[in-house]
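Undergrad: File coords.txt follows (compact mmCIF, C-alpha atoms):
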```
# COMPACT_ATOMS: atom_id res chain seq x y z
CA MET A 8 0.00 0.00 0.00
CA HIS A 9 3.00 2.25 0.34
CA ARG A 10 3.36 4.72 -2.46
CA LYS A 11 6.47 6.86 -2.50
CA ILE A 12 6.72 9.16 -5.48
CA GLN A 13 9.12 11.91 -6.40
CA VAL A 14 6.93 14.73 -7.55
CA GLY A 15 6.73 18.42 -8.28
CA LEU A 16 4.21 19.14 -5.55
CA MET A 17 1.72 21.90 -6.27
CA ILE A 18 1.69 23.47 -2.83
CA SER A 19 3.45 26.21 -0.88
CA ALA A 20 2.53 28.34 2.11
CA VAL A 21 -0.59 26.88 3.71
CA THR A 22 -2.06 28.00 7.01
CA THR A 23 -3.73 25.61 9.39
CA ALA A 24 -7.04 26.20 11.10
CA MET A 25 -5.45 26.33 14.54
CA ALA A 26 -2.08 27.94 13.87
CA ALA A 27 -0.83 30.18 11.12
CA THR A 28 2.09 27.90 10.35
CA VAL A 29 3.93 28.01 7.05
CA LEU A 30 3.86 24.60 5.41
CA PHE A 31 6.83 25.16 3.18
CA GLU A 32 9.35 27.95 2.67
CA ARG A 33 9.96 28.66 -0.97
CA SER A 34 13.57 28.96 -1.99
CA ALA A 35 14.78 31.91 -4.03
CA GLN A 36 15.01 29.62 -7.05
CA ALA A 37 11.46 28.33 -6.62
CA SER A 38 10.08 31.83 -6.21
CA THR A 39 11.39 32.80 -9.63
CA ALA A 40 10.08 29.67 -11.35
CA ALA A 41 7.34 29.85 -13.96
CA ASN A 42 4.95 28.38 -11.42
CA PRO A 43 5.61 29.94 -7.99
CA TRP A 44 3.67 27.15 -6.23
CA GLU A 45 5.98 24.39 -7.41
CA LEU A 46 8.03 22.35 -4.93
CA LYS A 47 10.50 19.98 -6.56
CA GLY A 48 12.12 16.92 -5.04
CA ALA A 49 9.46 16.17 -2.41
CA THR A 50 8.81 12.58 -1.40
CA ILE A 51 5.16 11.72 -0.88
CA THR A 52 4.08 8.79 1.32
CA ASP A 53 0.46 7.69 1.48
CA LEU A 54 -0.56 7.26 5.13
CA SER A 55 -3.99 5.86 4.28
CA HIS A 56 -5.21 2.28 4.00
CA VAL A 57 -7.11 1.27 0.89
CA SER A 58 -10.81 1.13 1.77
CA ASP A 59 -12.37 -2.24 0.97
CA SER A 60 -14.79 -4.82 2.32
CA GLU A 61 -12.06 -6.61 4.30
CA MET A 62 -11.36 -3.73 6.69
CA PRO A 63 -11.57 -4.70 10.39
CA SER A 64 -14.04 -2.97 12.71
CA ALA A 65 -14.71 -3.17 16.43
CA ASP A 66 -18.50 -3.37 16.18
CA PRO A 67 -20.21 -6.08 14.06
CA LYS A 68 -22.89 -3.52 13.17
CA ILE A 69 -20.29 -1.33 11.44
CA SER A 70 -20.59 -1.75 7.68
CA PRO A 71 -17.54 -2.01 5.43
CA PRO A 72 -17.95 -0.44 1.98
CA THR A 73 -20.42 -2.23 -0.28
CA TYR A 74 -21.29 -1.28 -3.85
CA THR A 75 -24.59 -1.76 -5.61
CA TRP A 76 -24.32 -1.14 -9.34
CA PHE A 77 -27.42 0.25 -11.04
CA SER A 78 -25.72 1.18 -14.31
CA GLU A 79 -22.92 -0.78 -15.96
CA VAL A 80 -21.19 0.04 -19.21
CA GLY A 81 -21.60 -2.85 -21.64
CA SER A 82 -24.78 -4.15 -20.09
CA LYS A 83 -27.42 -5.09 -22.65
CA GLU A 84 -30.15 -3.70 -20.42
CA PHE A 85 -30.89 -0.07 -21.38
CA SER A 86 -27.39 0.17 -22.97
CA PRO A 87 -26.02 2.44 -20.18
CA LEU A 88 -23.20 4.86 -20.97
CA HIS A 89 -21.79 5.05 -17.44
CA ASN A 90 -20.82 2.87 -14.49
CA LEU A 91 -22.89 4.12 -11.56
CA GLU A 92 -23.18 2.67 -8.09
CA ASP A 93 -24.64 3.23 -4.65
CA VAL A 94 -21.96 3.05 -1.93
CA HIS A 95 -22.92 2.06 1.60
CA TYR A 96 -20.45 2.18 4.49
CA CYS A 97 -19.84 3.40 8.03
CA PRO A 98 -17.28 6.24 8.01
CA HIS A 99 -15.61 4.80 11.14
CA THR A 100 -13.76 2.24 9.05
CA GLY A 101 -10.45 2.48 7.26
CA THR A 102 -8.32 5.60 7.63
CA HIS A 103 -10.76 8.19 8.89
CA MET A 104 -11.25 11.30 10.99
CA ASP A 105 -13.60 11.65 13.95
CA ALA A 106 -15.68 14.81 14.24
CA PRO A 107 -16.50 16.20 17.72
CA PHE A 108 -20.12 15.06 17.21
CA HIS A 109 -18.83 11.47 17.40
CA VAL A 110 -18.80 11.59 21.21
CA ASN A 111 -21.07 14.53 22.05
CA SER A 112 -24.35 15.26 20.29
CA SER A 113 -24.04 18.99 21.01
CA TRP A 114 -20.63 19.29 19.34
CA GLY A 115 -19.96 19.96 15.67
CA ALA A 116 -20.23 17.42 12.87
CA VAL A 117 -17.82 17.01 9.95
CA GLU A 118 -18.92 20.17 8.13
CA THR A 119 -17.79 22.27 11.13
CA VAL A 120 -14.20 20.97 10.97
CA SER A 121 -11.76 23.25 9.19
CA PRO A 122 -10.97 21.90 5.70
CA THR A 123 -7.27 22.73 6.27
CA ILE A 124 -6.85 20.87 9.57
CA LEU A 125 -4.86 18.04 7.94
CA ILE A 126 -2.53 20.43 6.10
CA GLY A 127 0.64 21.58 7.82
CA PRO A 128 3.54 20.50 10.02
CA ALA A 129 3.45 17.24 11.95
CA VAL A 130 5.69 15.16 14.18
CA VAL A 131 6.09 11.39 13.99
CA VAL A 132 6.39 10.18 17.58
CA THR A 133 7.94 6.72 17.39
CA LEU A 134 7.36 4.66 20.53
CA LYS A 135 8.33 1.13 21.51
CA VAL A 136 5.27 -0.34 23.18
CA PRO A 137 4.33 -3.90 24.14
CA SER A 138 1.98 -5.83 21.92
CA GLY A 139 -1.66 -6.01 22.85
CA SER A 140 -3.52 -3.46 24.92
CA TYR A 141 -1.29 -0.60 26.06
CA ALA A 142 -2.11 2.92 27.25
CA ILE A 143 0.46 5.39 25.93
CA THR A 144 1.31 7.83 28.73
CA SER A 145 2.55 11.41 28.81
CA ALA A 146 5.83 9.99 30.16
CA ASP A 147 6.19 8.00 26.94
CA ILE A 148 5.65 11.14 24.89
CA LYS A 149 7.96 13.24 27.05
CA GLY A 150 10.66 10.60 26.61
CA TRP A 151 10.40 11.07 22.85
CA GLU A 152 10.48 14.85 23.22
CA ALA A 153 13.66 14.66 25.29
CA LYS A 154 15.42 13.15 22.28
CA HIS A 155 13.70 14.94 19.39
CA GLY A 156 12.50 18.27 20.75
CA ALA A 157 9.22 19.47 22.16
CA ILE A 158 5.95 19.05 20.32
CA ARG A 159 4.83 22.51 19.26
CA ALA A 160 1.47 24.23 19.19
CA GLY A 161 -0.24 23.80 15.82
CA GLU A 162 1.57 20.58 14.90
CA GLY A 163 -0.15 17.34 14.03
CA VAL A 164 1.01 14.36 16.09
CA LEU A 165 1.32 10.91 14.49
CA LEU A 166 1.93 8.08 16.97
CA HIS A 167 4.05 5.35 15.38
CA THR A 168 3.97 2.04 17.24
CA GLY A 169 4.09 -0.40 14.31
CA HIS A 170 0.55 -1.59 15.05
CA ASP A 171 -0.49 -1.10 11.42
CA ALA A 172 1.47 -4.27 10.61
CA ASN A 173 -1.50 -6.20 12.08
CA TRP A 174 -3.95 -4.81 9.50
CA PRO A 175 -6.37 -6.23 8.34
CA ASP A 176 -6.37 -9.22 10.73
CA LYS A 177 -9.20 -8.32 13.14
CA LYS A 178 -7.89 -10.60 15.89
CA LYS A 179 -4.42 -9.08 15.88
CA PHE A 180 -5.56 -5.55 15.08
CA ILE A 181 -8.47 -5.21 17.53
CA THR A 182 -9.41 -8.31 19.55
CA ASP A 183 -5.95 -8.97 21.03
CA GLY A 184 -5.64 -5.34 22.08
CA TYR A 185 -4.03 -2.25 20.62
CA PRO A 186 -2.07 0.84 21.71
CA TYR A 187 -4.26 3.75 22.72
CA LEU A 188 -3.85 7.02 24.60
CA ALA A 189 -4.17 7.36 28.37
CA ALA A 190 -6.50 10.21 29.30
CA GLU A 191 -3.69 12.12 31.02
CA ALA A 192 -1.61 11.83 27.83
CA ALA A 193 -4.54 13.16 25.81
CA GLN A 194 -4.73 16.12 28.18
CA TYR A 195 -0.98 16.65 27.86
CA LEU A 196 -1.31 16.92 24.09
CA ALA A 197 -4.43 19.07 24.35
CA ASP A 198 -2.55 21.50 26.59
CA LYS A 199 0.10 21.76 23.87
CA LYS A 200 -2.66 22.83 21.44
CA ILE A 201 -1.80 20.30 18.75
CA ARG A 202 -3.79 20.34 15.52
CA TYR A 203 -4.63 16.63 15.23
CA LEU A 204 -3.70 13.26 16.68
CA GLY A 205 -3.18 10.30 14.35
CA LEU A 206 -2.87 6.67 15.44
CA GLU A 207 -2.21 3.39 13.67
CA SER A 208 -4.88 1.73 15.81
CA ILE A 209 -8.68 1.70 15.80
CA SER A 210 -9.12 4.23 18.62
CA PRO A 211 -7.32 6.56 21.04
CA ASP A 212 -9.38 4.89 23.79
CA GLY A 213 -9.66 1.44 25.31
CA ASP A 214 -12.90 0.85 27.20
CA SER A 215 -13.97 4.49 27.52
CA THR A 216 -14.26 7.66 25.43
CA ASP A 217 -12.17 9.81 27.76
CA SER A 218 -9.36 10.59 25.31
CA HIS A 219 -11.87 11.16 22.51
CA LYS A 220 -13.69 13.73 24.63
CA ILE A 221 -10.52 15.51 25.75
CA LEU A 222 -9.14 15.83 22.22
CA LEU A 223 -12.35 16.53 20.32
CA GLY A 224 -13.53 18.85 23.09
CA ASN A 225 -10.42 20.93 22.39
CA LYS A 226 -11.10 20.90 18.62
CA ILE A 227 -8.22 18.49 18.00
CA ALA A 228 -9.05 16.11 15.15
CA ILE A 229 -8.60 12.38 15.73
CA LEU A 230 -7.27 10.29 12.85
CA GLU A 231 -7.59 6.52 13.22
CA ASN A 232 -6.08 3.61 11.27
CA VAL A 233 -3.16 5.60 9.85
CA THR A 234 -0.46 3.51 8.16
CA ASN A 235 3.06 3.60 6.68
CA LEU A 236 4.58 5.81 9.39
CA GLY A 237 7.51 3.39 9.52
CA ARG A 238 8.36 4.36 5.95
CA LEU A 239 9.09 7.96 6.86
CA LYS A 240 12.69 9.11 7.22
CA HIS A 241 12.17 12.15 9.40
CA ALA A 242 10.54 12.86 12.74
CA ARG A 243 9.27 16.22 11.57
CA ILE A 244 7.34 16.28 8.33
CA ASN A 245 4.40 18.02 6.68
CA THR A 246 1.08 16.43 5.87
CA ILE A 247 -1.57 17.11 3.28
CA GLY A 248 -5.04 15.66 3.62
CA THR A 249 -8.61 16.25 2.66
CA PHE A 250 -12.07 14.87 3.30
CA ALA A 251 -15.61 15.11 2.02
CA ASN A 252 -17.74 17.96 3.40
CA GLU A 253 -20.36 15.64 4.93
CA LYS A 254 -23.10 17.55 6.71
CA GLY A 255 -24.15 16.00 10.01
CA ALA A 256 -21.58 13.16 9.89
CA SER A 257 -19.74 11.92 12.98
CA GLY A 258 -16.73 10.85 10.94
CA VAL A 259 -15.33 10.76 7.43
CA HIS A 260 -12.77 8.83 5.41
CA ILE A 261 -9.61 10.80 4.72
CA ARG A 262 -6.68 10.62 2.32
CA LEU A 263 -3.57 11.64 4.27
CA LEU A 264 -0.16 12.18 2.67
CA ALA A 265 3.21 12.81 4.26
CA VAL A 266 5.57 15.25 2.55
CA GLU A 267 9.33 14.98 3.11
```
Kindly transcribe the structure held in the file into structure tokens.
TA:
Amino acid sequence: MHRKIQVGLMISAVTTAMAATVLFERSAQASTAANPWELKGATITDLSHVSDSEMPSADPKISPPTYTWFSEVGSKEFSPLHNLEDVHYCPHTGTHMDAPFHVNSSWGAVETVSPTILIGPAVVVTLKVPSGSYAITSADIKGWEAKHGAIRAGEGVLLHTGHDANWPDKKKFITDGYPYLAAEAAQYLADKKIRYLGLESISPDGDSTDSHKILLGNKIAILENVTNLGRLKHARINTIGTFANEKGASGVHIRLLAVE
């Protein structure tokens, strides 16, 4: 699923919803190019799983994507000119983002989340954790910061534990336990005013919604089922991501890219 491509990336200074942080600084050479938005030599890594019917989910009532075709090119019936389908799925599958409404009915749904929240600087916090259920603590995060520098306000935080290697085996990925975020660690990150938290696991919580409520209550997006963090070469990167503007939704699939 890893896609690493050398590209001329059509992006430059982008501000985030929660911090006016410059995504890239254009060099003098780039600023005089024919296209001032061009960034050459960037490496792009896809941090998103492919969405399909085999994706694991914690609740048997959660629907993986299914497709019902009502128009198929080449069909003798009505001689249709297009392939057209109905897609049915729960947005809390695959690589997705939780909206605040996910855990509090009085909080905002997907359409209230800034469309630029996934765009900007991010840190890849690599942690060695035991297999199975494990609550990542603020001490774990502070240990990483002692070696790599403090997490800054406005940054996205991507927790790399290697848990994505268990995808899509439901037993290994969910049933046998997974790394999540202790509530005090969620508060530690919320106090730092990060932009989003991304995990390779199904949830930032174990048997509660405490970390969800702390993060989403502070307008910090939660990204679940992120992948390919082990492919990245740097601890500090930039990310680009987008999502459908789904009115009233509690979550939405995302396409998240790392830029190095």
Undergrad: For the contact check between range 203-226 of chain A and range 104-111 of chain A, emit one row per residue of range 203-226 of chain A within 7 Å, containing the shortest atom pair and the distance in Å rounded to one decimal, counting all atoms listed in the file, chain then rising number order, as JSON lines.
TA:
```
{"residue": "A:Lys220", "atom": "CA", "partner": "A:Val110", "partner_atom": "CA", "distance": 6.5}
{"residue": "A:Leu223", "atom": "CA", "partner": "A:Pro107", "partner_atom": "CA", "distance": 4.9}
{"residue": "A:Gly224", "atom": "CA", "partner": "A:Pro107", "partner_atom": "CA", "distance": 6.7}
```
Undergrad: Pick the closest to Ala65 in chain A from A:Ile51, A:Ala142, A:Ile209, A:Ala160: which is it, counting all atoms listed in the file?
TA: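 Ranking A:Ile51, A:Ala142, A:Ile209, A:Ala160 by distance to Ala65 in chain A, first place goes to A:Ile209.
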Undergrad: In Å, rounded to a single decimal, give me how far CA of Asp183 in chain A is from CA of Ser208 in chain A.
TA: 12.0 Å
Undergrad: Just checking: using all atoms listed in the file, which residue out of A:His167, A:Lys177, A:Lys149, A:His155 ends up closest to Ala192 in chain A?
TA: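 That would be A:Lys149, the residue with the smallest distance to Ala192 in chain A.
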Undergrad: Which of these residues is nearest to Pro137 in chain A, using all atoms listed in the file: A:Ser121, A:Ser257, A:Thr168, A:Thr75?
TA: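 Going through A:Ser121, A:Ser257, A:Thr168, A:Thr75 one by one, the smallest distance to Pro137 in chain A is for A:Thr168.
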Undergrad: If we draw a sphere of 10 Å around (2.2, 16.8, 13.1), which residues have at least one atom in it when counting all atoms listed in the file? Please report them as a tab-separated table (two decimals) with C-alpha atoms, in the coordinates of the input.
TA:
```tsv
chain	number	residue	atom	x	y	z
A	125	LEU	CA	-4.86	18.04	7.94
A	126	ILE	CA	-2.53	20.43	6.10
A	127	GLY	CA	0.64	21.58	7.82
A	128	PRO	CA	3.54	20.50	10.02
A	129	ALA	CA	3.45	17.24	11.95
A	130	VAL	CA	5.69	15.16	14.18
A	131	VAL	CA	6.09	11.39	13.99
A	132	VAL	CA	6.39	10.18	17.58
A	158	ILE	CA	5.95	19.05	20.32
A	159	ARG	CA	4.83	22.51	19.26
A	160	ALA	CA	1.47	24.23	19.19
A	161	GLY	CA	-0.24	23.80	15.82
A	162	GLU	CA	1.57	20.58	14.90
A	163	GLY	CA	-0.15	17.34	14.03
A	164	VAL	CA	1.01	14.36	16.09
A	165	LEU	CA	1.32	10.91	14.49
A	166	LEU	CA	1.93	8.08	16.97
A	201	ILE	CA	-1.80	20.30	18.75
A	202	ARG	CA	-3.79	20.34	15.52
A	203	TYR	CA	-4.63	16.63	15.23
A	204	LEU	CA	-3.70	13.26	16.68
A	205	GLY	CA	-3.18	10.30	14.35
A	242	ALA	CA	10.54	12.86	12.74
A	243	ARG	CA	9.27	16.22	11.57
A	244	ILE	CA	7.34	16.28	8.33
A	245	ASN	CA	4.40	18.02	6.68
A	246	THR	CA	1.08	16.43	5.87
A	265	ALA	CA	3.21	12.81	4.26
```
Undergrad: Excluding Gly101 in chain A and its own-chain neighbours fewer than 6 positions away, which residues fall within 10 Å of it when counting all atoms listed in the file? Please give them as a VMD selection string.
TA: chain A and resid 55 to 64 71 to 72 175 209 231 to 233 259 to 261
Undergrad: Find the residue from A:Asn235, A:Ser145, A:Ala116, A:His103 that sits nearest to Leu196 in chain A; use only C-alpha atoms when measuring.
TA: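 That would be A:Ser145, the residue with the smallest distance to Leu196 in chain A.
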Undergrad: Could range 104-123 of chain A be completed with N, CA and C atoms and returned as a PDB file, in the coordinates of the input?
TA:
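And here is the file that came out, selection25.pdb:
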```
ATOM      1  N   MET A 104     -11.325  10.235  10.000  1.00  0.00           N
ATOM      2  CA  MET A 104     -11.250  11.300  10.990  1.00  0.00           C
ATOM      3  C   MET A 104     -12.547  11.359  11.777  1.00  0.00           C
ATOM      4  N   ASP A 105     -12.428  11.461  13.104  1.00  0.00           N
ATOM      5  CA  ASP A 105     -13.600  11.650  13.950  1.00  0.00           C
ATOM      6  C   ASP A 105     -13.933  13.133  14.054  1.00  0.00           C
ATOM      7  N   ALA A 106     -15.207  13.453  13.964  1.00  0.00           N
ATOM      8  CA  ALA A 106     -15.680  14.810  14.240  1.00  0.00           C
ATOM      9  C   ALA A 106     -16.084  14.888  15.711  1.00  0.00           C
ATOM     10  N   PRO A 107     -16.092  16.077  16.315  1.00  0.00           N
ATOM     11  CA  PRO A 107     -16.500  16.200  17.720  1.00  0.00           C
ATOM     12  C   PRO A 107     -17.855  15.569  18.017  1.00  0.00           C
ATOM     13  N   PHE A 108     -18.779  15.630  17.056  1.00  0.00           N
ATOM     14  CA  PHE A 108     -20.120  15.060  17.210  1.00  0.00           C
ATOM     15  C   PHE A 108     -20.083  13.557  17.516  1.00  0.00           C
ATOM     16  N   HIS A 109     -18.979  12.913  17.197  1.00  0.00           N
ATOM     17  CA  HIS A 109     -18.830  11.470  17.400  1.00  0.00           C
ATOM     18  C   HIS A 109     -19.063  11.072  18.850  1.00  0.00           C
ATOM     19  N   VAL A 110     -18.680  11.947  19.795  1.00  0.00           N
ATOM     20  CA  VAL A 110     -18.800  11.590  21.210  1.00  0.00           C
ATOM     21  C   VAL A 110     -19.677  12.560  22.013  1.00  0.00           C
ATOM     22  N   ASN A 111     -20.198  13.585  21.354  1.00  0.00           N
ATOM     23  CA  ASN A 111     -21.070  14.530  22.050  1.00  0.00           C
ATOM     24  C   ASN A 111     -22.062  15.111  21.052  1.00  0.00           C
ATOM     25  N   SER A 112     -23.326  14.861  21.255  1.00  0.00           N
ATOM     26  CA  SER A 112     -24.350  15.260  20.290  1.00  0.00           C
ATOM     27  C   SER A 112     -24.513  16.769  20.164  1.00  0.00           C
ATOM     28  N   SER A 113     -23.952  17.537  21.091  1.00  0.00           N
ATOM     29  CA  SER A 113     -24.040  18.990  21.010  1.00  0.00           C
ATOM     30  C   SER A 113     -22.816  19.618  20.351  1.00  0.00           C
ATOM     31  N   TRP A 114     -21.839  18.788  19.994  1.00  0.00           N
ATOM     32  CA  TRP A 114     -20.630  19.290  19.340  1.00  0.00           C
ATOM     33  C   TRP A 114     -20.763  19.201  17.826  1.00  0.00           C
ATOM     34  N   GLY A 115     -19.861  19.835  17.122  1.00  0.00           N
ATOM     35  CA  GLY A 115     -19.960  19.960  15.670  1.00  0.00           C
ATOM     36  C   GLY A 115     -19.705  18.682  14.898  1.00  0.00           C
ATOM     37  N   ALA A 116     -20.427  18.541  13.783  1.00  0.00           N
ATOM     38  CA  ALA A 116     -20.230  17.420  12.870  1.00  0.00           C
ATOM     39  C   ALA A 116     -19.135  17.759  11.855  1.00  0.00           C
ATOM     40  N   VAL A 117     -18.952  16.887  10.876  1.00  0.00           N
ATOM     41  CA  VAL A 117     -17.820  17.010   9.950  1.00  0.00           C
ATOM     42  C   VAL A 117     -17.772  18.368   9.251  1.00  0.00           C
ATOM     43  N   GLU A 118     -18.936  18.916   8.889  1.00  0.00           N
ATOM     44  CA  GLU A 118     -18.920  20.170   8.130  1.00  0.00           C
ATOM     45  C   GLU A 118     -18.407  21.357   8.947  1.00  0.00           C
ATOM     46  N   THR A 119     -18.298  21.183  10.285  1.00  0.00           N
ATOM     47  CA  THR A 119     -17.790  22.270  11.130  1.00  0.00           C
ATOM     48  C   THR A 119     -16.279  22.214  11.292  1.00  0.00           C
ATOM     49  N   VAL A 120     -15.649  21.124  10.846  1.00  0.00           N
ATOM     50  CA  VAL A 120     -14.200  20.970  10.970  1.00  0.00           C
ATOM     51  C   VAL A 120     -13.507  21.728   9.856  1.00  0.00           C
ATOM     52  N   SER A 121     -12.471  22.470  10.200  1.00  0.00           N
ATOM     53  CA  SER A 121     -11.760  23.250   9.190  1.00  0.00           C
ATOM     54  C   SER A 121     -11.232  22.356   8.075  1.00  0.00           C
ATOM     55  N   PRO A 122     -11.445  22.723   6.808  1.00  0.00           N
ATOM     56  CA  PRO A 122     -10.970  21.900   5.700  1.00  0.00           C
ATOM     57  C   PRO A 122      -9.443  21.855   5.595  1.00  0.00           C
ATOM     58  N   THR A 123      -8.741  22.722   6.346  1.00  0.00           N
ATOM     59  CA  THR A 123      -7.270  22.730   6.270  1.00  0.00           C
ATOM     60  C   THR A 123      -6.623  22.051   7.476  1.00  0.00           C
TER      61      THR A 123
END
```
